[in-house]
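Q: For reference, the file query-v4.txt (compact mmCIF, C-alpha atoms) is included below:
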# COMPACT_ATOMS: atom_id res chain seq x y z
CA MET C 215 12.68 10.92 -3.03
CA LYS C 216 9.58 11.09 -0.85
CA LYS C 217 9.70 8.67 2.06
CA LYS C 218 6.89 6.21 2.68
CA ASN C 219 5.08 6.67 6.00
CA ILE C 220 5.04 3.40 7.95
CA LEU C 221 3.61 2.74 11.42
CA TYR C 222 4.82 -0.46 13.03
CA LEU C 223 3.37 -2.41 15.98
CA LEU C 224 6.01 -4.26 18.00
CA GLY C 225 5.85 -6.46 21.09
CA SER C 226 4.75 -9.97 21.99
CA GLY C 227 1.90 -11.89 20.40
CA ARG C 228 -1.53 -11.98 22.11
CA SER C 229 -1.07 -8.42 23.34
CA GLY C 230 -4.12 -6.98 21.60
CA THR C 231 -2.38 -5.76 18.44
CA THR C 232 -5.11 -7.02 16.07
CA LEU C 233 -7.71 -4.95 17.91
CA LEU C 234 -5.44 -1.90 18.09
CA ALA C 235 -4.59 -2.16 14.39
CA THR C 236 -8.27 -2.51 13.43
CA ILE C 237 -9.23 0.57 15.45
CA LEU C 238 -6.41 2.62 13.93
CA ASN C 239 -7.57 1.53 10.46
CA SER C 240 -10.92 3.23 11.16
CA THR C 241 -9.21 6.62 11.34
CA ASN C 242 -8.71 8.93 8.38
CA ASP C 243 -4.96 8.63 7.94
CA ILE C 244 -3.97 5.03 8.77
CA SER C 245 -4.39 1.96 6.57
CA THR C 246 -3.86 -1.37 8.36
CA THR C 247 -2.38 -4.16 6.24
CA GLY C 248 -1.65 -6.82 8.87
CA GLU C 249 1.55 -8.71 9.64
CA LEU C 250 3.61 -7.96 6.56
CA HIS C 251 6.48 -10.24 7.60
CA GLN C 252 4.14 -13.01 6.39
CA PHE C 253 3.35 -11.46 2.99
CA TYR C 254 5.74 -13.58 0.89
CA THR C 255 4.90 -16.70 2.91
CA TYR C 256 1.22 -16.08 2.20
CA LEU C 257 1.95 -15.77 -1.51
CA GLN C 258 4.07 -18.92 -1.56
CA ASN C 259 1.55 -20.98 0.43
CA LYS C 260 -1.47 -19.45 -1.33
CA SER C 261 -2.98 -18.36 1.98
CA SER C 262 -6.07 -16.20 2.40
CA CYS C 263 -6.62 -12.60 3.45
CA SER C 264 -8.82 -11.89 6.47
CA CYS C 265 -11.72 -11.46 4.02
CA GLY C 266 -11.44 -15.17 3.15
CA ALA C 267 -10.16 -14.73 -0.41
CA LEU C 268 -6.71 -15.73 -1.65
CA LEU C 269 -4.36 -12.76 -1.86
CA ASN C 270 -4.45 -12.75 -5.66
CA GLU C 271 -8.27 -12.68 -5.53
CA CYS C 272 -8.79 -10.29 -2.60
CA LYS C 273 -10.36 -6.92 -3.37
CA PHE C 274 -7.30 -5.08 -2.01
CA TRP C 275 -4.35 -7.46 -2.21
CA ARG C 276 -4.95 -8.70 -5.78
CA LEU C 277 -4.11 -5.22 -7.09
CA VAL C 278 -0.88 -5.14 -5.09
CA VAL C 279 0.10 -8.67 -6.15
CA LYS C 280 -0.72 -7.97 -9.80
CA ASP C 281 1.38 -4.80 -9.93
CA MET C 282 4.32 -6.44 -8.13
CA ASP C 283 4.42 -9.08 -10.90
CA LEU C 284 6.65 -11.46 -8.91
CA SER C 285 8.00 -14.72 -10.27
CA LYS C 286 7.86 -17.91 -8.17
CA ASP C 287 11.64 -17.69 -7.69
CA GLU C 288 11.39 -14.10 -6.44
CA ILE C 289 8.64 -15.00 -3.98
CA GLN C 290 10.65 -17.94 -2.66
CA ASN C 291 13.86 -15.91 -2.40
CA PHE C 292 12.18 -12.98 -0.65
CA GLN C 293 10.41 -15.34 1.76
CA LYS C 294 13.70 -17.01 2.69
CA LYS C 295 15.40 -13.65 3.18
CA GLN C 296 12.74 -12.57 5.66
CA ASN C 297 12.94 -15.84 7.60
CA ASN C 298 16.74 -15.66 7.69
CA GLU C 299 17.02 -12.04 8.77
CA GLU C 300 14.00 -11.08 10.92
CA GLY C 301 13.83 -13.84 13.55
CA HIS C 302 14.13 -13.14 17.28
CA ARG C 303 17.55 -14.82 17.45
CA TYR C 304 18.96 -12.21 15.08
CA ILE C 305 17.96 -9.19 17.20
CA PRO C 306 21.27 -8.89 19.13
CA SER C 307 23.36 -8.94 15.95
CA ILE C 308 21.10 -6.32 14.33
CA ILE C 309 21.42 -4.09 17.41
CA LEU C 310 25.20 -4.56 17.19
CA GLY C 311 25.24 -3.34 13.61
CA ARG C 312 24.32 -6.15 11.20
CA LYS C 313 22.86 -4.66 8.03
CA ALA C 314 19.91 -5.88 6.00
CA SER C 315 20.88 -7.66 2.77
CA GLU C 316 20.24 -6.03 -0.61
CA ASP C 317 17.60 -8.64 -1.46
CA TYR C 318 15.82 -8.03 1.83
CA ILE C 319 15.74 -4.27 1.20
CA LEU C 320 14.50 -4.87 -2.35
CA SER C 321 11.73 -7.17 -1.13
CA GLN C 322 10.45 -4.59 1.34
CA GLU C 323 10.78 -1.61 -0.99
CA LYS C 324 8.71 -3.44 -3.62
CA LEU C 325 6.09 -4.38 -1.05
CA PHE C 326 5.67 -0.92 0.48
CA ASN C 327 5.84 0.80 -2.92
CA PHE C 328 2.88 -1.10 -4.29
CA ILE C 329 0.86 -0.99 -1.07
CA GLU C 330 1.26 2.79 -1.08
CA ASN C 331 0.04 2.87 -4.69
CA HIS C 332 -3.25 1.28 -3.65
CA THR C 333 -4.17 3.20 -0.52
CA THR C 334 -5.36 6.78 -0.26
CA LYS C 335 -4.32 7.13 3.39
CA LYS C 336 -1.10 8.82 4.50
CA TRP C 337 0.24 6.01 6.72
CA VAL C 338 0.49 2.24 6.23
CA LEU C 339 0.38 0.18 9.42
CA ASP C 340 2.43 -3.03 9.64
CA SER C 341 1.45 -5.09 12.71
CA SER C 342 4.19 -7.74 12.37
CA LYS C 343 5.38 -7.23 15.99
CA TYR C 344 8.85 -8.68 15.23
CA ILE C 345 11.47 -6.40 16.80
CA GLY C 346 14.10 -7.66 14.35
CA ARG C 347 11.92 -6.61 11.44
CA PHE C 348 11.41 -3.15 12.92
CA LEU C 349 15.17 -2.68 13.32
CA LEU C 350 15.86 -3.81 9.75
CA LEU C 351 13.16 -1.56 8.28
CA LYS C 352 14.60 1.28 10.34
CA GLN C 353 17.79 0.97 8.28
CA MET C 354 15.96 1.75 5.04
CA PRO C 355 16.28 5.43 4.02
CA SER C 356 13.17 5.14 1.82
CA LEU C 357 10.93 4.66 4.88
CA LYS C 358 9.73 7.11 7.52
CA LEU C 359 9.20 4.50 10.23
CA LYS C 360 7.41 5.09 13.55
CA GLY C 361 6.75 2.40 16.17
CA ILE C 362 4.07 1.54 18.71
CA TYR C 363 5.33 -0.85 21.38
CA VAL C 364 2.35 -2.71 22.83
CA ILE C 365 2.60 -4.26 26.30
CA ARG C 366 0.04 -6.39 28.16
CA ASP C 367 -0.10 -7.99 31.60
CA VAL C 368 1.67 -11.35 31.26
CA ARG C 369 -1.29 -13.15 32.81
CA GLY C 370 -3.55 -11.93 30.02
CA VAL C 371 -0.99 -13.11 27.45
CA ILE C 372 -0.72 -16.52 29.15
CA ASN C 373 -4.49 -16.91 29.21
CA SER C 374 -4.72 -16.05 25.52
CA PHE C 375 -2.00 -18.57 24.60
CA ASN C 376 -3.76 -21.20 26.75
CA LYS C 377 -6.69 -21.20 24.34
CA GLN C 378 -6.43 -24.20 22.02
CA VAL C 379 -6.48 -22.09 18.89
CA GLN C 380 -3.79 -20.63 16.66
CA THR C 381 -0.41 -21.78 18.01
CA PRO C 382 -1.17 -22.30 21.72
CA ARG C 383 1.71 -22.16 24.22
CA LYS C 384 2.24 -23.55 27.69
CA PRO C 385 2.65 -20.96 30.52
CA ILE C 386 6.42 -21.43 30.96
CA SER C 387 7.01 -21.19 27.21
CA THR C 388 4.82 -18.07 27.10
CA ILE C 389 6.73 -16.45 29.97
CA LEU C 390 10.10 -17.07 28.30
CA TYR C 391 8.76 -15.67 25.03
CA TYR C 392 7.21 -12.70 26.86
CA ILE C 393 10.47 -11.86 28.64
CA LEU C 394 12.50 -12.14 25.43
CA THR C 395 10.22 -10.01 23.25
CA ASN C 396 9.57 -7.37 25.89
CA CYS C 397 13.24 -7.06 26.85
CA PHE C 398 14.03 -6.05 23.30
CA GLY C 399 10.77 -4.15 22.83
CA GLN C 400 11.42 -2.01 25.90
CA LEU C 401 15.04 -1.47 24.86
CA VAL C 402 14.00 -0.27 21.40
CA CYS C 403 11.38 1.99 22.99
CA TRP C 404 13.98 3.54 25.28
CA MET C 405 16.53 3.99 22.49
CA ASN C 406 14.23 5.37 19.80
CA LYS C 407 12.29 8.63 20.06
CA ASP C 408 10.07 7.47 17.21
CA VAL C 409 8.63 4.61 19.32
CA ILE C 410 5.95 5.08 21.96
CA LYS C 411 4.57 2.54 24.43
CA VAL C 412 0.88 1.68 24.65
CA LYS C 413 -0.52 -0.53 27.41
CA TYR C 414 -3.28 -2.80 26.12
CA GLU C 415 -5.36 -2.31 29.26
CA ASP C 416 -5.11 1.49 29.12
CA PHE C 417 -5.97 1.55 25.43
CA ILE C 418 -9.12 -0.51 25.97
CA ASP C 419 -10.19 1.76 28.84
CA ASN C 420 -9.82 4.92 26.76
CA PRO C 421 -9.15 4.22 23.06
CA HIS C 422 -9.89 7.77 21.93
CA GLU C 423 -7.24 9.25 24.22
CA HIS C 424 -4.60 6.83 22.97
CA VAL C 425 -5.48 7.24 19.30
CA GLN C 426 -5.13 10.98 19.82
CA ARG C 427 -1.75 10.40 21.52
CA ILE C 428 -0.54 8.25 18.61
CA TYR C 429 -1.60 10.94 16.15
CA ASN C 430 -0.04 13.78 18.15
CA ILE C 431 3.31 12.15 18.90
CA LEU C 432 3.98 9.89 15.91
CA LEU C 433 1.98 11.44 13.08
CA ASP C 434 2.56 14.99 14.34
CA GLN C 435 -1.07 15.95 13.74
CA ASN C 436 -4.44 15.98 15.49
CA HIS C 437 -6.99 13.20 15.22
CA ASN C 438 -10.01 15.10 13.93
CA ASP C 439 -12.73 12.60 14.89
CA ASP C 440 -14.41 13.56 18.15
CA ALA C 441 -15.18 9.97 19.08
CA LEU C 442 -14.53 6.46 17.86
CA ASN C 443 -17.30 4.10 16.83
CA ASP C 444 -18.31 1.15 18.98
CA VAL C 445 -17.94 -1.33 16.10
CA PHE C 446 -14.97 -1.48 13.72
CA GLU C 447 -14.86 -3.08 10.29
CA MET C 448 -12.12 -5.67 9.81
CA PRO C 449 -9.64 -4.47 7.15
CA HIS C 450 -7.96 -6.68 4.55
CA ILE C 451 -5.11 -7.99 6.68
CA ILE C 452 -2.43 -10.66 6.51
CA GLY C 453 -1.88 -12.65 9.71
CA GLY C 454 -3.62 -11.56 12.89
CA ASN C 455 -5.43 -13.63 15.50
CA ARG C 456 -8.74 -15.50 15.24
CA LEU C 457 -10.63 -12.17 15.35
CA LYS C 458 -9.57 -11.56 11.75
CA SER C 459 -12.27 -13.90 10.49
CA SER C 460 -14.92 -11.57 11.94
CA LYS C 461 -16.34 -8.90 9.69
CA THR C 462 -16.45 -6.45 12.59
CA ILE C 463 -14.81 -6.07 16.02
CA LYS C 464 -16.12 -4.45 19.17
CA ILE C 465 -13.96 -2.98 21.92
CA LYS C 466 -14.17 -5.44 24.76
CA LYS C 467 -11.86 -5.65 27.74
CA ASP C 468 -10.46 -9.16 28.18
CA THR C 469 -9.87 -9.89 31.86
CA ALA C 470 -10.79 -13.57 31.74
CA TRP C 471 -7.42 -14.50 33.25
CA LYS C 472 -8.65 -13.22 36.62
CA THR C 473 -11.08 -16.15 36.80
CA THR C 474 -9.46 -18.80 34.59
CA ILE C 475 -6.03 -18.68 36.28
CA SER C 476 -5.89 -19.65 39.96
CA ARG C 477 -4.71 -16.99 42.40
CA PRO C 478 -1.48 -18.84 43.34
CA LYS C 479 -0.56 -19.12 39.66
CA GLN C 480 -1.41 -15.46 39.07
CA ILE C 481 1.08 -14.53 41.79
CA LEU C 482 3.71 -16.95 40.43
CA TYR C 483 3.45 -15.63 36.87
CA TYR C 484 3.58 -12.04 38.15
CA LEU C 485 6.76 -12.72 40.12
CA MET C 486 8.41 -14.51 37.19
CA CYS C 487 7.98 -11.35 35.12
CA LEU C 488 8.42 -8.93 38.01
CA PRO C 489 10.59 -6.29 36.26
CA PHE C 490 7.99 -5.80 33.51
CA MET C 491 5.08 -5.90 35.94
CA LEU C 492 6.64 -3.19 38.11
CA LEU C 493 7.91 -1.09 35.22
CA ASN C 494 4.46 -1.01 33.64
CA ARG C 495 2.66 -0.62 37.00
CA TYR C 496 0.64 -3.79 36.86
CA LYS C 497 -0.89 -4.77 40.17
CA LEU C 498 -0.39 -8.12 41.85
Once more with this new file: its structure as structure tokens, please.
A:
Amino acid sequence: MKKKNILYLLGSGRSGTTLLATILNSTNDISTTGELHQFYTYLQNKSSCSCGALLNECKFWRLVVKDMDLSKDEIQNFQKKQNNEEGHRYIPSIILGRKASEDYILSQEKLFNFIENHTTKKWVLDSSKYIGRFLLLKQMPSLKLKGIYVIRDVRGVINSFNKQVQTPRKPISTILYYILTNCFGQLVCWMNKDVIKVKYEDFIDNPHEHVQRIYNILLDQNHNDDALNDVFEMPHIIGGNRLKSSKTIKIKKDTAWKTTISRPKQILYYLMCLPFMLLNRYKL
């Protein structure tokens, strides 16, 4: 049986994954679908795609939903399985050997099967970020799973969560979340040769170089485009940050934290996440 090619973004929220996923979608071989850990929740809650249409009315997702032909009970069961197996608190037990349930595997096989049927590109990109989900999908023999671990300066993440939009967090809560997700993200990156690390700041500075690196290392091929465009069309994605409501995205470096966060707090936040700041060569 031919394996399905899946790229997976993992790391903490507000690390620039929506922009990275959108840029990768503009290439010839990668189709970005958004945060697929929310797919069954979106169906159950009748939520909208980034294009503004309900999933069963969206130009792309309606074909997937129609072919999956799921009952209300199946949607509810699959949604519960994801919530009960993918959460951050389950990561240690998964690392220690806990296996995905049969229903969980079935739910993901159905999802990836029908997504693959409706895209002409070689790789499907899931930007869920959940490390637990990555580890569970890694158990599935039907998937050829490669990971991109995205890291960002904690002060940029804090500044993004400070914005009163889309689940804001206080700085201390953000730091605890950042430490938790990046502890496991870095561990998975170290343990798995099929996961590479991408720094948000480096990617924004030179996106072409990093797209080429992703293609060379993970896809084992060259990226044939000589240069990337300046403007990228938003794909039909589930989840994502507030940028998803835009029809297009431009590459723009976000360093607002340097002016919106006072210098004493910048130093404090840096020191609270010192191992990650030093490991990833962020400057004080």
Q: Using only C-alpha atoms, which protein or nucleic acid residues come within 8 Å of Ile463 (chain C)? Drop anything in the same chain fewer than 4 positions from it, and give the result as a ChimeraX atom specification.
A: /C:233,236,445-448,457
Q: List as a list of chain:residue names the protein and nucleic acid residues near Ile305 (chain C), meaning an atom at most 8 Å away when all atoms listed in the file are counted, but skip any in the same chain fewer than 3 places from it.
A: C:Glu300, C:Gly301, C:His302, C:Ile308, C:Ile309, C:Ile345, C:Gly346, C:Phe398
Q: As a PDB file with C-alpha atoms, keeping the file's coordinate frame, please: the residues near Lys295 (chain C) (cut-off 9 Å, all atoms listed in the file, same-chain neighbours under 4 positions excluded).
A:
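Result file selection.pdb:
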ATOM      1  CA  GLN C 290      10.650 -17.940  -2.660  1.00  0.00           C
ATOM      2  CA  ASN C 291      13.860 -15.910  -2.400  1.00  0.00           C
ATOM      3  CA  GLU C 299      17.020 -12.040   8.770  1.00  0.00           C
ATOM      4  CA  GLU C 300      14.000 -11.080  10.920  1.00  0.00           C
ATOM      5  CA  SER C 315      20.880  -7.660   2.770  1.00  0.00           C
ATOM      6  CA  ASP C 317      17.600  -8.640  -1.460  1.00  0.00           C
ATOM      7  CA  TYR C 318      15.820  -8.030   1.830  1.00  0.00           C
ATOM      8  CA  SER C 321      11.730  -7.170  -1.130  1.00  0.00           C
TER       9      SER C 321
END
Q: Go ahead and find all residues with at least one atom no further than 9 Å from (4.6, -11.2, 18.8) in the file's coordinates, using all atoms listed in the file; report them as a PDB file with C-alpha atoms, in the coordinates of the input.
A:
ATOM      1  CA  LEU C 224       6.010  -4.260  18.000  1.00  0.00           C
ATOM      2  CA  GLY C 225       5.850  -6.460  21.090  1.00  0.00           C
ATOM      3  CA  SER C 226       4.750  -9.970  21.990  1.00  0.00           C
ATOM      4  CA  GLY C 227       1.900 -11.890  20.400  1.00  0.00           C
ATOM      5  CA  ARG C 228      -1.530 -11.980  22.110  1.00  0.00           C
ATOM      6  CA  SER C 229      -1.070  -8.420  23.340  1.00  0.00           C
ATOM      7  CA  THR C 231      -2.380  -5.760  18.440  1.00  0.00           C
ATOM      8  CA  SER C 342       4.190  -7.740  12.370  1.00  0.00           C
ATOM      9  CA  LYS C 343       5.380  -7.230  15.990  1.00  0.00           C
ATOM     10  CA  TYR C 344       8.850  -8.680  15.230  1.00  0.00           C
ATOM     11  CA  ILE C 345      11.470  -6.400  16.800  1.00  0.00           C
ATOM     12  CA  TYR C 391       8.760 -15.670  25.030  1.00  0.00           C
ATOM     13  CA  TYR C 392       7.210 -12.700  26.860  1.00  0.00           C
ATOM     14  CA  THR C 395      10.220 -10.010  23.250  1.00  0.00           C
TER      15      THR C 395
END
Q: State, in Å with one decimal place, the distance from CA of Gln426 (chain C) to CA of Lys358 (chain C).
A: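 Rounded to one decimal, the two atoms are 19.7 Å apart.
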Q: So, with all atoms listed in the file as the atoms that count, which of C:Lys413, C:Lys458, C:Lys335, C:His251 lies closest to Val368 (chain C)?
A: C:Lys413
Q: Give as a ChimeraX atom specification every residue, naming chains and numbers as the document does, that has an atom within 12 Å of (1.1, 1.0, -2.7), counting only C-alpha atoms.
A: /C:218-220,245,247,274-282,322-338
Q: Please determine, counting all atoms listed in the file, which residue among C:Phe375, C:Glu423, C:Leu498, C:Gly454 has the shortest atom-to-atom distance to Ile481 (chain C).
A: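 With all atoms listed in the file as the atom set, the closest residue is C:Leu498.
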